[in-house]
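Have a look at the structure below, then the notes.
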Amino acid sequence: MCSPLAPINILVTIDANYLKPLQVMLKSLFLSSPSEIFQIFLMHSCLSPSEVNEIDTFVRYNGHSLFEIKIDERCFCDAPLTKHYPKEMYYRLLAFRFLPAQLDRILYLDPDILVINPIKELYYTDLSGWMFAAAFHDILLAKEINRLRFRKYDIKEYFNSGVLLMNLDILREQVDEQEIYNFIEENKNNLILPDQDILNSLYSKRIKKLDEFLFNYDVRYFKSRQIVAKKRLSMDYIINNIVILHFCGRRKPWHNNYSGAFHSLYKHYEKLTFNNQFHI
């Protein structure tokens with residue numbers, strides 16, 4: 001049984017392009033769980049001291065703790081990279097190697113997320129026997145395409161890696177780091193969403209399924225699901241029950257030309273984050 005005062009461990013991995021979105025995500029997390037104590041583990045390879053200090057000051061200003069973990073730039077230096085998918089995305093796959101040994105679990109969160117309801121239920125999901133817990137987006141075409149891309153790995157569901165609860169004890173015991181590097185080398189021309197492709201191909205059978213609607217709601221499908229989906233959620237239900245809204249895809253709510261679902265809600269949290277904020 002966990003003490004009610006035990007901190008909730010959150011992992012983030014970013015480059016300098018995501019400094020502001022990270023702070024919006026963290027602000028939403030802090031506001032949605034005001035009674036929790038958070039330890040934020042920032043894993044990076046190229047942030048400047050002033051950029052790390054900006055995040056540290058922000059986290060401390062909100063009453064929580066930041067722990068910096070700087071990764072050698074040579075780590076994943078040969079892995080496929082794109083403008084939208086920098087090498088920091090790979091760090092979650094080997095996070096167990098760099099995190100403090102006393103941690104037994106941690107929740108990874110992408111910076112393009114809003115946490116709008118308490119995170120505790122998700123964080124304390126029973127992970128007995130599982131490496132991870134994650135959600136997959138039940139979109140038939142996407143599932144079939146990803147199954148065919150990695151047919152030999154027999155992928156049944158294609159899990160989203162943007163919300164990833166990790167069982168660090170099992171990962172330390174069972175993950176073969178070299179297997180990850182070998183997979184990248186063998187499939188580098190076939191990786192579209194690189195970290196997700198690796199996660200699903202190697203470990204999908206060791207991932208506990210989370211409710212995608214509660215814990216990783218893909219906002220891109222809000223309008224279409226209201227029309228044709230087997231599970232339609234009212235706005236009242238979403239605001240009062242869903243824990244995580246995920247702005248998946250290349251179009252992000254902090255971009256000037258964004259006009260997708262929940263844009264106003266994102267701008268609300270952005271205002272709460274930066275208006276009348278502390279001065280660094």
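If you're wondering about the labels, chains in the structure tokens are A, B, ... by order shown, residues count from 1 in each chain, ligands from 1 in order shown.
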
- request: Give me every alpha helix (DSSP H) residue in region 15-235 of chain A, going by DSSP on the backbone, as an NGL selection string.
  value: :A and (19-32 or 49-61 or 95-98 or 120-123 or 140-149 or 168-174 or 177-187 or 194-203 or 212-215 or 222-228 or 235)

For the selection you just gave me, I'd like the residues written to a file as an mmCIF file, in the first residue's frame, keeping C-alpha atoms.
data_model
loop_
_atom_site.group_PDB
_atom_site.id
_atom_site.type_symbol
_atom_site.label_atom_id
_atom_site.label_comp_id
_atom_site.auth_asym_id
_atom_site.auth_seq_id
_atom_site.Cartn_x
_atom_site.Cartn_y
_atom_site.Cartn_z
ATOM 1 C CA LEU A 19 10.157 23.998 -23.517
ATOM 2 C CA LYS A 20 6.892 25.968 -23.538
ATOM 3 C CA PRO A 21 4.544 23.049 -24.327
ATOM 4 C CA LEU A 22 6.198 21.067 -21.534
ATOM 5 C CA GLN A 23 5.356 23.789 -19.040
ATOM 6 C CA VAL A 24 1.733 23.884 -20.196
ATOM 7 C CA MET A 25 1.476 20.115 -19.800
ATOM 8 C CA LEU A 26 3.033 20.248 -16.341
ATOM 9 C CA LYS A 27 0.773 23.115 -15.269
ATOM 10 C CA SER A 28 -2.283 21.096 -16.279
ATOM 11 C CA LEU A 29 -0.903 18.116 -14.344
ATOM 12 C CA PHE A 30 -0.314 20.155 -11.189
ATOM 13 C CA LEU A 31 -3.733 21.831 -11.356
ATOM 14 C CA SER A 32 -5.598 18.566 -11.930
ATOM 15 C CA PRO A 49 21.835 25.209 -18.427
ATOM 16 C CA SER A 50 19.528 28.220 -18.746
ATOM 17 C CA GLU A 51 16.819 26.091 -20.371
ATOM 18 C CA VAL A 52 17.041 23.489 -17.633
ATOM 19 C CA ASN A 53 16.954 26.281 -15.070
ATOM 20 C CA GLU A 54 13.772 27.640 -16.670
ATOM 21 C CA ILE A 55 12.031 24.304 -16.193
ATOM 22 C CA ASP A 56 13.449 23.840 -12.685
ATOM 23 C CA THR A 57 12.265 27.289 -11.610
ATOM 24 C CA PHE A 58 8.823 26.625 -13.041
ATOM 25 C CA VAL A 59 8.464 23.258 -11.304
ATOM 26 C CA ARG A 60 9.694 24.596 -7.952
ATOM 27 C CA TYR A 61 7.424 27.650 -8.255
ATOM 28 C CA ALA A 95 14.803 5.197 -19.151
ATOM 29 C CA PHE A 96 15.134 2.368 -16.616
ATOM 30 C CA ARG A 97 18.890 2.412 -17.210
ATOM 31 C CA PHE A 98 19.319 6.075 -16.250
ATOM 32 C CA LYS A 120 -3.577 9.022 -9.345
ATOM 33 C CA GLU A 121 -5.729 6.162 -10.673
ATOM 34 C CA LEU A 122 -3.561 5.886 -13.773
ATOM 35 C CA TYR A 123 -0.295 6.134 -11.870
ATOM 36 C CA LEU A 140 -9.134 0.067 -37.799
ATOM 37 C CA LEU A 141 -7.085 1.419 -40.713
ATOM 38 C CA ALA A 142 -4.187 2.507 -38.511
ATOM 39 C CA LYS A 143 -4.162 -0.828 -36.683
ATOM 40 C CA GLU A 144 -4.086 -2.790 -39.935
ATOM 41 C CA ILE A 145 -1.327 -0.690 -41.502
ATOM 42 C CA ASN A 146 0.900 -1.061 -38.443
ATOM 43 C CA ARG A 147 0.193 -4.786 -38.216
ATOM 44 C CA LEU A 148 1.282 -5.257 -41.821
ATOM 45 C CA ARG A 149 4.398 -3.077 -41.473
ATOM 46 C CA LEU A 168 11.036 -0.239 -13.773
ATOM 47 C CA ASP A 169 11.896 -3.374 -11.782
ATOM 48 C CA ILE A 170 10.770 -5.693 -14.582
ATOM 49 C CA LEU A 171 12.359 -3.514 -17.259
ATOM 50 C CA ARG A 172 15.721 -3.624 -15.482
ATOM 51 C CA GLU A 173 15.515 -7.415 -15.313
ATOM 52 C CA GLN A 174 14.177 -8.263 -18.740
ATOM 53 C CA GLU A 177 19.395 -3.048 -24.617
ATOM 54 C CA GLN A 178 21.231 -4.582 -27.548
ATOM 55 C CA GLU A 179 17.967 -5.998 -28.884
ATOM 56 C CA ILE A 180 16.678 -2.428 -29.242
ATOM 57 C CA TYR A 181 19.776 -1.320 -31.144
ATOM 58 C CA ASN A 182 19.597 -4.397 -33.375
ATOM 59 C CA PHE A 183 15.954 -3.719 -34.164
ATOM 60 C CA ILE A 184 16.736 -0.126 -35.153
ATOM 61 C CA GLU A 185 19.555 -1.266 -37.442
ATOM 62 C CA GLU A 186 17.418 -3.931 -39.118
ATOM 63 C CA ASN A 187 14.338 -1.722 -39.575
ATOM 64 C CA PRO A 194 10.257 5.223 -34.429
ATOM 65 C CA ASP A 195 9.914 4.826 -30.657
ATOM 66 C CA GLN A 196 6.366 3.458 -31.001
ATOM 67 C CA ASP A 197 7.440 1.027 -33.709
ATOM 68 C CA ILE A 198 10.161 -0.331 -31.430
ATOM 69 C CA LEU A 199 7.921 -0.470 -28.363
ATOM 70 C CA ASN A 200 5.171 -2.370 -30.157
ATOM 71 C CA SER A 201 7.339 -4.738 -32.170
ATOM 72 C CA LEU A 202 9.437 -5.861 -29.219
ATOM 73 C CA TYR A 203 7.123 -5.504 -26.229
ATOM 74 C CA GLU A 212 -7.843 5.034 -24.400
ATOM 75 C CA PHE A 213 -10.849 7.253 -23.742
ATOM 76 C CA LEU A 214 -9.868 7.923 -20.131
ATOM 77 C CA PHE A 215 -6.092 7.931 -20.254
ATOM 78 C CA PHE A 222 -13.367 13.905 -31.470
ATOM 79 C CA LYS A 223 -15.660 15.109 -34.281
ATOM 80 C CA SER A 224 -15.668 11.880 -36.283
ATOM 81 C CA ARG A 225 -16.406 9.799 -33.216
ATOM 82 C CA GLN A 226 -19.351 12.002 -32.361
ATOM 83 C CA ILE A 227 -20.822 11.022 -35.739
ATOM 84 C CA VAL A 228 -19.873 7.421 -36.441
ATOM 85 C CA MET A 235 -18.269 17.305 -23.834
#

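Minimum distance to Lys252 (chain A) across A:Ile239, A:Ile113, A:Phe67, A:Ala134 (counting only C-alpha atoms) occurs at A:Ile113.
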
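Assigned to strand (DSSP E or B) in region 156-234 of chain A, given DSSP computed from backbone atoms, are Phe159, Val163, Leu164, Leu165, Met166, Asn167, Ile207, Lys208, Lys209, Tyr217 and Asp218 of chain A.
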
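Nearest to Val219 (chain A) of all the residues A:Leu93, A:Leu191, A:Ala261, A:Ile238 is A:Ala261, based on only C-alpha atoms.
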
- request: Could you give me, as a PyMOL selection string, the residues within 12 Å of Ala133 (chain A), counting only C-alpha atoms and dropping anything in the same chain fewer than 4 positions from it?
  value: chain A and resi 105-108+122-129+159-168+199-200+203-212+215-216

- request: Identify, on the basis of only C-alpha atoms, every residue whose closest approach to Cys248 (chain A) does not exceed 8 Å; exclude the query and any residue fewer than 5 positions from it along the same chain; express the result as a count of residues only.
  value: 4

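Taking CA of Phe76 (chain A) and CA of Met131 (chain A) as the two end points, the separation is 21.5 Å.
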
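The nearest approach to Glu68 (chain A) among the residues A:Leu11, A:Met89, A:Ile116, A:Leu103, with only C-alpha atoms taken into account, belongs to A:Leu11.
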
- prompt: Any idea what the distance is between CA of Ile192 (chain A) and CA of Leu245 (chain A)?
  reply: 22.6 Å
